[in-house]
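Below is data07.cif, holding mmCIF, C-alpha atoms.
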data_run
loop_
_atom_site.group_PDB
_atom_site.id
_atom_site.type_symbol
_atom_site.label_atom_id
_atom_site.label_comp_id
_atom_site.auth_asym_id
_atom_site.auth_seq_id
_atom_site.Cartn_x
_atom_site.Cartn_y
_atom_site.Cartn_z
ATOM 1 C CA MET A 1 42.940 240.667 341.723
ATOM 2 C CA ASP A 2 43.364 237.254 340.120
ATOM 3 C CA SER A 3 44.108 236.959 336.410
ATOM 4 C CA GLU A 4 40.843 235.106 335.764
ATOM 5 C CA ASN A 5 38.904 238.329 336.308
ATOM 6 C CA LEU A 6 41.278 240.580 334.374
ATOM 7 C CA GLN A 7 40.469 241.913 330.949
ATOM 8 C CA THR A 8 42.269 240.674 327.826
ATOM 9 C CA MET A 9 43.813 243.079 325.319
ATOM 10 C CA GLU A 10 41.135 242.045 322.812
ATOM 11 C CA GLU A 11 38.452 243.105 325.315
ATOM 12 C CA ALA A 12 40.305 246.354 325.958
ATOM 13 C CA LEU A 13 40.426 247.145 322.253
ATOM 14 C CA ALA A 14 36.728 246.326 321.941
ATOM 15 C CA ASN A 15 36.056 249.078 324.522
ATOM 16 C CA VAL A 16 37.731 251.741 322.369
ATOM 17 C CA PRO A 17 35.509 253.508 319.809
ATOM 18 C CA GLU A 18 36.342 252.491 316.230
ATOM 19 C CA LYS A 19 36.990 256.077 315.097
ATOM 20 C CA LEU A 20 39.518 256.587 317.902
ATOM 21 C CA LYS A 21 41.265 253.256 317.213
ATOM 22 C CA ASN A 22 41.488 254.119 313.513
ATOM 23 C CA TRP A 23 43.016 257.518 314.304
ATOM 24 C CA ILE A 24 45.653 255.969 316.584
ATOM 25 C CA PHE A 25 46.409 253.177 314.063
ATOM 26 C CA GLY A 26 46.717 255.728 311.238
ATOM 27 C CA VAL A 27 49.028 258.079 313.121
ATOM 28 C CA TRP A 28 51.100 255.161 314.452
ATOM 29 C CA LYS A 29 51.492 253.716 310.937
ATOM 30 C CA SER A 30 52.519 257.125 309.551
ATOM 31 C CA ILE A 31 55.092 257.630 312.305
ATOM 32 C CA ALA A 32 56.509 254.114 311.805
ATOM 33 C CA ALA A 33 56.811 254.818 308.058
ATOM 34 C CA SER A 34 58.606 258.125 308.808
ATOM 35 C CA LYS A 35 55.807 260.104 307.167
ATOM 36 C CA LYS A 36 55.109 263.673 308.234
ATOM 37 C CA VAL A 37 52.279 264.177 310.681
ATOM 38 C CA ASN A 38 51.186 267.489 312.148
ATOM 39 C CA PRO A 39 52.904 267.509 315.587
ATOM 40 C CA LYS A 40 50.239 269.734 317.140
ATOM 41 C CA TYR A 41 47.228 267.716 315.963
ATOM 42 C CA GLN A 42 45.418 266.153 318.904
ATOM 43 C CA GLN A 43 42.695 263.603 319.546
ATOM 44 C CA ASP A 44 40.165 263.532 322.374
ATOM 45 C CA LEU A 45 40.539 260.227 324.255
ATOM 46 C CA GLY A 46 37.044 260.044 325.647
ATOM 47 C CA LYS A 47 35.374 260.557 328.984
ATOM 48 C CA VAL A 48 37.613 261.034 332.028
ATOM 49 C CA SER A 49 36.970 258.319 334.631
ATOM 50 C CA GLN A 50 35.540 259.334 337.992
ATOM 51 C CA LYS A 51 38.556 257.697 339.659
ATOM 52 C CA THR A 52 40.856 259.994 337.670
ATOM 53 C CA LYS A 53 38.744 263.088 338.347
ATOM 54 C CA ASP A 54 38.755 262.352 342.081
ATOM 55 C CA ALA A 55 42.509 261.705 342.159
ATOM 56 C CA VAL A 56 43.395 264.902 340.256
ATOM 57 C CA LYS A 57 41.131 266.884 342.576
ATOM 58 C CA GLU A 58 42.814 265.289 345.613
ATOM 59 C CA PHE A 59 46.386 265.696 344.323
ATOM 60 C CA TYR A 60 46.179 269.112 342.662
ATOM 61 C CA GLY A 61 42.830 270.651 343.604
ATOM 62 C CA LYS A 62 41.848 270.832 339.931
ATOM 63 C CA ASN A 63 38.889 269.585 337.939
ATOM 64 C CA VAL A 64 39.794 267.617 334.818
ATOM 65 C CA SER A 65 37.574 268.384 331.851
ATOM 66 C CA LYS A 66 39.016 266.047 329.197
ATOM 67 C CA GLN A 67 41.951 263.885 328.137
ATOM 68 C CA ILE A 68 43.840 264.099 324.858
ATOM 69 C CA ILE A 69 46.874 262.837 322.990
ATOM 70 C CA LYS A 70 48.902 264.761 320.421
ATOM 71 C CA THR A 71 50.683 263.197 317.472
ATOM 72 C CA GLU A 72 54.003 264.387 318.908
ATOM 73 C CA ASN A 73 53.299 262.319 322.048
ATOM 74 C CA LEU A 74 52.426 259.237 319.984
ATOM 75 C CA ARG A 75 55.736 259.806 318.183
ATOM 76 C CA HIS A 76 57.529 259.901 321.538
ATOM 77 C CA ILE A 77 55.851 256.631 322.602
ATOM 78 C CA TYR A 78 56.777 254.985 319.303
ATOM 79 C CA GLU A 79 60.376 256.246 319.328
ATOM 80 C CA ARG A 80 61.023 255.477 322.985
ATOM 81 C CA HIS A 81 58.970 252.326 323.587
ATOM 82 C CA GLY A 82 58.046 250.790 320.236
ATOM 83 C CA ARG A 83 60.676 251.360 317.587
ATOM 84 C CA TYR A 84 63.417 249.270 319.199
ATOM 85 C CA PRO A 85 61.782 246.122 320.609
ATOM 86 C CA LYS A 86 65.098 244.586 321.703
ATOM 87 C CA THR A 87 65.760 247.526 324.026
ATOM 88 C CA GLU A 88 62.321 247.228 325.614
ATOM 89 C CA ILE A 89 62.738 243.472 326.067
ATOM 90 C CA LYS A 90 66.188 243.993 327.601
ATOM 91 C CA ASN A 91 64.550 246.381 330.100
ATOM 92 C CA ARG A 92 61.889 243.712 330.776
ATOM 93 C CA GLN A 93 59.245 245.846 329.176
ATOM 94 C CA ILE A 94 56.906 244.881 326.369
ATOM 95 C CA PRO A 95 57.434 246.888 323.166
ATOM 96 C CA ILE A 96 54.502 249.155 322.366
ATOM 97 C CA THR A 97 52.697 248.131 319.193
ATOM 98 C CA ALA A 98 49.859 249.839 317.334
ATOM 99 C CA ASN A 99 47.386 247.565 319.159
ATOM 100 C CA ILE A 100 48.831 248.429 322.565
ATOM 101 C CA ALA A 101 48.799 252.142 321.690
ATOM 102 C CA ALA A 102 45.176 251.822 320.542
ATOM 103 C CA ALA A 103 44.274 250.305 323.938
ATOM 104 C CA MET A 104 45.516 253.387 325.859
ATOM 105 C CA PRO A 105 41.995 254.881 325.955
ATOM 106 C CA ASP A 106 40.885 251.756 327.856
ATOM 107 C CA VAL A 107 43.605 252.321 330.469
ATOM 108 C CA LEU A 108 42.418 255.925 330.792
ATOM 109 C CA ALA A 109 38.724 255.010 330.967
ATOM 110 C CA ASN A 110 39.157 252.081 333.393
ATOM 111 C CA PRO A 111 42.385 252.520 335.385
ATOM 112 C CA ASP A 112 43.222 250.165 338.242
ATOM 113 C CA SER A 113 45.393 252.892 339.719
ATOM 114 C CA VAL A 114 45.746 256.658 339.493
ATOM 115 C CA LYS A 115 48.826 258.185 341.130
ATOM 116 C CA LYS A 116 50.421 261.547 341.474
ATOM 117 C CA GLY A 117 53.574 261.708 339.386
ATOM 118 C CA LYS A 118 56.648 263.856 339.638
ATOM 119 C CA PRO A 119 56.639 267.164 337.747
ATOM 120 C CA THR A 120 58.039 266.870 334.235
ATOM 121 C CA ASN A 121 61.524 268.143 333.546
ATOM 122 C CA LYS A 122 60.130 270.037 330.593
ATOM 123 C CA ASN A 123 58.091 273.008 331.845
ATOM 124 C CA GLY A 124 57.467 271.415 335.273
ATOM 125 C CA TYR A 125 53.951 270.213 334.469
ATOM 126 C CA GLU A 126 52.040 268.311 337.130
ATOM 127 C CA THR A 127 51.595 264.658 336.177
ATOM 128 C CA ILE A 128 49.246 261.759 336.709
ATOM 129 C CA ILE A 129 50.165 258.093 336.273
ATOM 130 C CA LEU A 130 47.354 255.744 335.282
ATOM 131 C CA SER A 131 47.833 252.004 335.136
ATOM 132 C CA LYS A 132 45.958 248.818 334.440
ATOM 133 C CA LYS A 133 46.857 245.142 334.638
ATOM 134 C CA TYR A 134 45.608 242.773 331.933
ATOM 135 C CA ALA A 135 44.937 239.032 331.921
ATOM 136 C CA ASP A 136 48.272 238.225 330.253
ATOM 137 C CA GLY A 137 50.068 239.674 333.303
ATOM 138 C CA SER A 138 51.158 242.844 331.518
ATOM 139 C CA PHE A 139 50.947 246.123 333.388
ATOM 140 C CA HIS A 140 50.115 249.115 331.138
ATOM 141 C CA ILE A 141 51.190 252.544 332.366
ATOM 142 C CA VAL A 142 50.104 255.856 330.853
ATOM 143 C CA ASN A 143 51.641 259.121 332.030
ATOM 144 C CA ALA A 144 49.716 262.327 331.453
ATOM 145 C CA ILE A 145 50.555 265.939 332.104
ATOM 146 C CA LEU A 146 47.985 268.365 333.456
ATOM 147 C CA LYS A 147 47.562 271.495 331.321
ATOM 148 C CA ASN A 148 44.661 273.853 331.995
ATOM 149 C CA ASN A 149 42.457 271.099 333.454
ATOM 150 C CA VAL A 150 43.172 268.807 330.491
ATOM 151 C CA LEU A 151 45.139 265.572 330.820
ATOM 152 C CA GLU A 152 47.521 265.179 327.892
ATOM 153 C CA VAL A 153 49.034 261.726 327.453
ATOM 154 C CA TYR A 154 52.773 262.237 327.548
ATOM 155 C CA THR A 155 54.147 258.704 327.360
ATOM 156 C CA ALA A 156 53.179 255.074 327.866
ATOM 157 C CA TYR A 157 54.985 251.817 328.465
ATOM 158 C CA VAL A 158 54.185 248.233 329.379
ATOM 159 C CA TRP A 159 55.895 246.092 332.000
ATOM 160 C CA ASN A 160 55.985 242.335 331.759
ATOM 161 C CA LYS A 161 54.807 240.191 334.656
ATOM 162 C CA GLU A 162 58.283 239.772 336.188
ATOM 163 C CA LYS A 163 59.097 243.490 336.189
ATOM 164 C CA THR A 164 55.691 244.282 337.686
ATOM 165 C CA GLU A 165 56.317 241.842 340.532
ATOM 166 C CA GLU A 166 59.830 243.195 341.082
ATOM 167 C CA ARG A 167 58.483 246.768 341.326
ATOM 168 C CA ARG A 168 55.730 245.645 343.696
ATOM 169 C CA LEU A 169 58.242 243.987 346.006
ATOM 170 C CA ALA A 170 60.633 246.961 345.840
ATOM 171 C CA HIS A 171 57.852 249.293 347.002
ATOM 172 C CA GLY A 172 56.792 246.943 349.791
ATOM 173 C CA SER A 173 53.168 246.872 348.688
ATOM 174 C CA SER A 174 50.975 246.730 345.653
ATOM 175 C CA ILE A 175 51.905 249.385 343.125
ATOM 176 C CA SER A 176 48.278 249.559 342.087
ATOM 177 C CA GLU A 177 46.946 251.317 345.177
ATOM 178 C CA THR A 178 44.989 254.408 344.177
ATOM 179 C CA GLY A 179 45.771 257.402 346.298
ATOM 180 C CA SER A 180 49.390 256.493 346.952
ATOM 181 C CA ASN A 181 51.699 259.423 346.428
ATOM 182 C CA SER A 182 54.671 257.239 345.540
ATOM 183 C CA ALA A 183 55.472 258.090 341.963
ATOM 184 C CA ILE A 184 56.772 255.944 339.179
ATOM 185 C CA PRO A 185 59.223 258.159 337.267
ATOM 186 C CA LEU A 186 58.361 259.315 333.766
ATOM 187 C CA GLN A 187 60.106 257.315 331.107
#

Please go through the file and, once you have read it, give me the structure as C-alpha coordinates.
Amino acid sequence: MDSENLQTMEEALANVPEKLKNWIFGVWKSIAASKKVNPKYQQDLGKVSQKTKDAVKEFYGKNVSKQIIKTENLRHIYERHGRYPKTEIKNRQIPITANIAAAMPDVLANPDSVKKGKPTNKNGYETIILSKKYADGSFHIVNAILKNNVLEVYTAYVWNKEKTEERRLAHGSSISETGSNSAIPLQ
(Lines of atoms letter the chains of each structure in order from A and count residues from 1; the text may use other names and numbers.)
(Lines give C-alpha, C1' and ligand atoms only; values in the text may rest on other atoms or scores of the structure.)
Protein backbone atom coordinates (compact mmCIF):
# COMPACT_ATOMS: atom_id res chain seq x y z
CA MET A 1 0.00 0.00 0.00
CA ASP A 2 1.63 3.28 -1.00
CA SER A 3 1.67 6.21 1.41
CA GLU A 4 -0.42 8.35 -0.94
CA ASN A 5 -3.48 6.24 -0.14
CA LEU A 6 -2.85 5.98 3.60
CA GLN A 7 -4.84 7.92 6.13
CA THR A 8 -3.33 10.82 8.09
CA MET A 9 -3.60 11.03 11.88
CA GLU A 10 -5.93 14.01 11.46
CA GLU A 11 -8.25 11.84 9.34
CA ALA A 12 -8.02 9.05 11.90
CA LEU A 13 -9.01 11.40 14.71
CA ALA A 14 -11.89 12.71 12.61
CA ASN A 15 -13.23 9.13 12.47
CA VAL A 16 -13.44 8.88 16.27
CA PRO A 17 -16.68 10.11 17.89
CA GLU A 18 -16.20 13.37 19.80
CA LYS A 19 -17.52 11.93 23.08
CA LEU A 20 -15.01 9.06 22.92
CA LYS A 21 -12.10 11.38 22.05
CA ASN A 22 -13.04 13.67 24.94
CA TRP A 23 -13.13 10.72 27.36
CA ILE A 24 -9.68 9.52 26.25
CA PHE A 25 -8.24 13.07 26.36
CA GLY A 26 -9.71 13.62 29.84
CA VAL A 27 -8.42 10.36 31.30
CA TRP A 28 -5.02 10.82 29.63
CA LYS A 29 -4.71 14.37 31.03
CA SER A 30 -5.67 13.17 34.53
CA ILE A 31 -3.13 10.34 34.41
CA ALA A 32 -0.38 12.68 33.15
CA ALA A 33 -1.18 15.09 36.01
CA SER A 34 -1.01 12.19 38.52
CA LYS A 35 -4.67 12.66 39.44
CA LYS A 36 -6.71 9.74 40.73
CA VAL A 37 -8.91 7.98 38.22
CA ASN A 38 -11.09 4.97 38.92
CA PRO A 39 -8.93 2.04 37.67
CA LYS A 40 -11.96 -0.12 36.87
CA TYR A 41 -13.86 2.50 34.86
CA GLN A 42 -14.13 1.47 31.22
CA GLN A 43 -15.18 2.97 27.90
CA ASP A 44 -16.78 1.22 24.94
CA LEU A 45 -14.56 1.76 21.88
CA GLY A 46 -17.22 1.33 19.25
CA LYS A 47 -18.24 -1.30 16.75
CA VAL A 48 -15.92 -4.29 16.29
CA SER A 49 -14.71 -4.52 12.68
CA GLN A 50 -15.75 -7.52 10.60
CA LYS A 51 -12.06 -8.26 9.99
CA THR A 52 -11.52 -8.49 13.76
CA LYS A 53 -14.65 -10.60 14.31
CA ASP A 54 -13.56 -13.03 11.59
CA ALA A 55 -10.00 -13.27 12.92
CA VAL A 56 -11.08 -13.91 16.53
CA LYS A 57 -13.50 -16.58 15.31
CA GLU A 58 -10.71 -18.19 13.26
CA PHE A 59 -8.06 -18.00 16.01
CA TYR A 60 -10.15 -18.80 19.09
CA GLY A 61 -13.57 -19.96 17.90
CA LYS A 62 -15.22 -17.09 19.76
CA ASN A 63 -17.60 -14.32 18.76
CA VAL A 64 -16.53 -10.84 19.83
CA SER A 65 -19.38 -8.69 21.05
CA LYS A 66 -17.58 -5.42 21.86
CA GLN A 67 -14.26 -3.72 22.53
CA ILE A 68 -13.37 -1.61 25.55
CA ILE A 69 -10.53 0.15 27.33
CA LYS A 70 -10.17 0.63 31.08
CA THR A 71 -8.49 3.59 32.72
CA GLU A 72 -5.89 1.24 34.20
CA ASN A 73 -4.92 0.20 30.64
CA LEU A 74 -4.66 3.83 29.51
CA ARG A 75 -2.42 4.36 32.55
CA HIS A 76 -0.25 1.44 31.43
CA ILE A 77 0.02 2.90 27.91
CA TYR A 78 0.93 6.32 29.30
CA GLU A 79 3.47 4.97 31.81
CA ARG A 80 5.10 2.52 29.41
CA HIS A 81 4.90 4.32 26.06
CA GLY A 82 4.15 7.99 26.67
CA ARG A 83 5.64 9.28 29.89
CA TYR A 84 9.29 8.91 28.90
CA PRO A 85 9.61 10.02 25.26
CA LYS A 86 13.40 9.61 25.20
CA THR A 87 13.07 5.90 25.98
CA GLU A 88 10.55 5.39 23.19
CA ILE A 89 12.74 7.30 20.72
CA LYS A 90 15.78 5.26 21.78
CA ASN A 91 13.76 2.11 21.00
CA ARG A 92 12.82 3.65 17.62
CA GLN A 93 9.23 3.97 18.68
CA ILE A 94 7.10 7.09 18.65
CA PRO A 95 6.00 8.24 22.12
CA ILE A 96 2.26 7.91 22.64
CA THR A 97 0.54 11.26 23.05
CA ALA A 98 -3.07 12.08 23.91
CA ASN A 99 -3.79 12.46 20.17
CA ILE A 100 -2.27 9.07 19.35
CA ALA A 101 -4.19 7.46 22.23
CA ALA A 102 -7.40 9.10 20.99
CA ALA A 103 -6.81 7.56 17.54
CA MET A 104 -6.78 3.98 18.93
CA PRO A 105 -10.49 3.52 18.14
CA ASP A 106 -9.63 4.16 14.47
CA VAL A 107 -7.03 1.38 14.55
CA LEU A 108 -9.65 -0.92 16.08
CA ALA A 109 -12.39 0.08 13.62
CA ASN A 110 -10.19 -0.05 10.50
CA PRO A 111 -7.20 -2.35 11.12
CA ASP A 112 -4.83 -3.23 8.29
CA SER A 113 -3.92 -6.38 10.17
CA VAL A 114 -5.40 -8.59 12.87
CA LYS A 115 -3.11 -11.27 14.32
CA LYS A 116 -3.22 -13.86 17.02
CA GLY A 117 -0.98 -12.83 19.89
CA LYS A 118 0.74 -14.83 22.57
CA PRO A 119 -1.17 -15.41 25.82
CA THR A 120 -0.52 -12.73 28.43
CA ASN A 121 1.77 -13.53 31.32
CA LYS A 122 -0.89 -12.20 33.65
CA ASN A 123 -3.78 -14.69 33.81
CA GLY A 124 -2.90 -16.25 30.42
CA TYR A 125 -5.55 -14.35 28.46
CA GLU A 126 -5.80 -14.94 24.73
CA THR A 127 -4.69 -11.87 22.77
CA ILE A 128 -5.27 -10.13 19.47
CA ILE A 129 -2.87 -7.67 17.84
CA LEU A 130 -4.41 -5.03 15.61
CA SER A 131 -2.30 -2.68 13.54
CA LYS A 132 -2.59 0.12 11.04
CA LYS A 133 -0.08 2.10 9.01
CA TYR A 134 -0.60 5.84 8.54
CA ALA A 135 0.55 8.26 5.85
CA ASP A 136 3.47 9.54 7.94
CA GLY A 137 4.96 6.01 7.87
CA SER A 138 4.09 5.26 11.49
CA PHE A 139 2.76 1.83 12.34
CA HIS A 140 0.21 1.84 15.21
CA ILE A 141 -0.20 -1.39 17.17
CA VAL A 142 -2.96 -2.10 19.67
CA ASN A 143 -2.91 -5.26 21.77
CA ALA A 144 -6.17 -6.50 23.24
CA ILE A 145 -6.98 -9.37 25.55
CA LEU A 146 -10.06 -11.51 25.05
CA LYS A 147 -12.29 -11.73 28.13
CA ASN A 148 -15.75 -13.26 27.84
CA ASN A 149 -16.10 -12.35 24.14
CA VAL A 150 -15.01 -8.76 24.82
CA LEU A 151 -11.75 -7.32 23.50
CA GLU A 152 -10.09 -5.18 26.16
CA VAL A 153 -7.27 -2.94 24.95
CA TYR A 154 -4.25 -3.91 27.01
CA THR A 155 -1.47 -1.79 25.53
CA ALA A 156 -0.53 0.21 22.45
CA TYR A 157 2.65 1.48 20.88
CA VAL A 158 3.79 3.12 17.66
CA TRP A 159 6.78 2.16 15.53
CA ASN A 160 8.54 4.65 13.33
CA LYS A 161 9.09 3.92 9.65
CA GLU A 162 12.59 2.46 10.11
CA LYS A 163 11.58 0.04 12.87
CA THR A 164 8.56 -1.08 10.84
CA GLU A 165 10.79 -1.86 7.86
CA GLU A 166 13.31 -3.66 10.07
CA ARG A 167 10.55 -5.85 11.55
CA ARG A 168 9.15 -6.56 8.09
CA LEU A 169 12.55 -7.71 6.83
CA ALA A 170 13.21 -9.78 9.97
CA HIS A 171 9.96 -11.69 9.42
CA GLY A 172 10.68 -12.23 5.73
CA SER A 173 7.36 -10.78 4.62
CA SER A 174 4.93 -8.01 5.32
CA ILE A 175 4.01 -7.84 8.99
CA SER A 176 0.58 -6.59 7.99
CA GLU A 177 -0.77 -9.86 6.60
CA THR A 178 -4.09 -10.70 8.24
CA GLY A 179 -4.37 -14.30 9.24
CA SER A 180 -0.70 -14.80 9.99
CA ASN A 181 -0.15 -16.56 13.28
CA SER A 182 3.25 -14.98 13.85
CA ALA A 183 2.84 -12.87 16.94
CA ILE A 184 4.41 -9.60 17.88
CA PRO A 185 5.13 -9.87 21.61
CA LEU A 186 3.16 -7.75 24.06
CA GLN A 187 5.06 -4.74 25.23

Closest-contact table, range 53-141 of chain A side, partner range 5-21 of chain A, 6 Å, counting all atoms listed in the file, as a tab-separated table:
residue	atom	partner	partner_atom	distance
A:Ala102	CA	A:Lys21	CA	5.3
A:Ala103	CA	A:Leu13	CA	5.3
A:Asp106	CA	A:Ala12	CA	5.8
A:Tyr134	CA	A:Gln7	CA	5.3
A:Ala135	CA	A:Leu6	CA	4.7

Checklist line | Explicit residues for the PyMOL selection byres ((chain A and resi 148-157) around 6) (as a ChimeraX atom specification) | finding: /A:63-69,73,77,141-147,158

Please produce a file of those selected residues containing C-alpha atoms, as a PDB file, keeping the file's coordinate frame.
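See result.pdb below for the written result:
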ATOM      1  CA  ASN A  63      38.889 269.585 337.939  1.00  0.00           C
ATOM      2  CA  VAL A  64      39.794 267.617 334.818  1.00  0.00           C
ATOM      3  CA  SER A  65      37.574 268.384 331.851  1.00  0.00           C
ATOM      4  CA  LYS A  66      39.016 266.047 329.197  1.00  0.00           C
ATOM      5  CA  GLN A  67      41.951 263.885 328.137  1.00  0.00           C
ATOM      6  CA  ILE A  68      43.840 264.099 324.858  1.00  0.00           C
ATOM      7  CA  ILE A  69      46.874 262.837 322.990  1.00  0.00           C
ATOM      8  CA  ASN A  73      53.299 262.319 322.048  1.00  0.00           C
ATOM      9  CA  ILE A  77      55.851 256.631 322.602  1.00  0.00           C
ATOM     10  CA  ILE A 141      51.190 252.544 332.366  1.00  0.00           C
ATOM     11  CA  VAL A 142      50.104 255.856 330.853  1.00  0.00           C
ATOM     12  CA  ASN A 143      51.641 259.121 332.030  1.00  0.00           C
ATOM     13  CA  ALA A 144      49.716 262.327 331.453  1.00  0.00           C
ATOM     14  CA  ILE A 145      50.555 265.939 332.104  1.00  0.00           C
ATOM     15  CA  LEU A 146      47.985 268.365 333.456  1.00  0.00           C
ATOM     16  CA  LYS A 147      47.562 271.495 331.321  1.00  0.00           C
ATOM     17  CA  VAL A 158      54.185 248.233 329.379  1.00  0.00           C
TER      18      VAL A 158
END

Check: Which polymer residues have any atom within 7 Å of an atom of Lys70 in chain A, counting all atoms listed in the file, with same-chain residues fewer than 3 positions away left out, as number ranges by chain?
Finding: A: 39-43, 73-74

Next item on the list: Check the smallest atom-to-atom distance from each of A:Asn123, A:Ser113, A:Asn160, A:Thr52 to Gln93 in chain A using all atoms listed in the file, then report the winner.
Entry: A:Asn160

Checklist line | For CA of Ser30 in chain A and CA of Val48 in chain A, the interatomic separation in Å (one decimal) | finding: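 So the two atoms, CA of Ser30 in chain A and CA of Val48 in chain A, lie 27.3 Å apart.
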
Notebook entry, point to check: So what does the PyMOL selection byres ((chain A and resi 107-112) around 6) actually pick up in this one, as a PyMOL selection string?
Noted result: chain A and resi 49+104-106+113+130-132

Check: Restricting the calculation to all atoms listed in the file, which member of A:Lys29, A:Lys116, A:His140, A:Lys133 is positioned closest to Tyr78 in chain A?
Finding: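 Checking each candidate against Tyr78 in chain A, we get A:Lys29 as the closest.
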
Contact residues around Ile89 in chain A with only C-alpha atoms at 10 Å, ignoring same-chain residues under 5 positions, as an mmCIF file with C-alpha atoms, keeping the file's coordinate frame:
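Output file around_25.cif follows:
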data_model
loop_
_atom_site.group_PDB
_atom_site.id
_atom_site.type_symbol
_atom_site.label_atom_id
_atom_site.label_comp_id
_atom_site.auth_asym_id
_atom_site.auth_seq_id
_atom_site.Cartn_x
_atom_site.Cartn_y
_atom_site.Cartn_z
ATOM 1 C CA HIS A 81 58.970 252.326 323.587
ATOM 2 C CA TYR A 84 63.417 249.270 319.199
ATOM 3 C CA ILE A 94 56.906 244.881 326.369
ATOM 4 C CA PRO A 95 57.434 246.888 323.166
ATOM 5 C CA TRP A 159 55.895 246.092 332.000
ATOM 6 C CA ASN A 160 55.985 242.335 331.759
#

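Here CA of Ala55 in chain A stands at a distance of 8.7 Å from CA of Ile128 in chain A.
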
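Nearest residue to Lys115 in chain A among A:Arg80, A:Lys53, A:Lys36, A:Arg92 is A:Lys53, counting only C-alpha atoms.
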
Next item on the list: Between CA of Asn99 in chain A and CA of Ile24 in chain A, measure the distance and give it in Å to one decimal.
Entry: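 Result for CA of Asn99 in chain A versus CA of Ile24 in chain A: 9.0 Å, one decimal.
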
Item checked: Selected residue, from A:Ser138, A:Gly26, A:Thr127, A:Leu45, that lies nearest to Ile96 in chain A when counting all atoms listed in the file -> A:Ser138

Next item on the list: Could you tell me which of A:Thr87, A:Phe59, A:Ala101, A:His76 comes closest to Trp23 in chain A if we count only C-alpha atoms?
Entry: A:Ala101
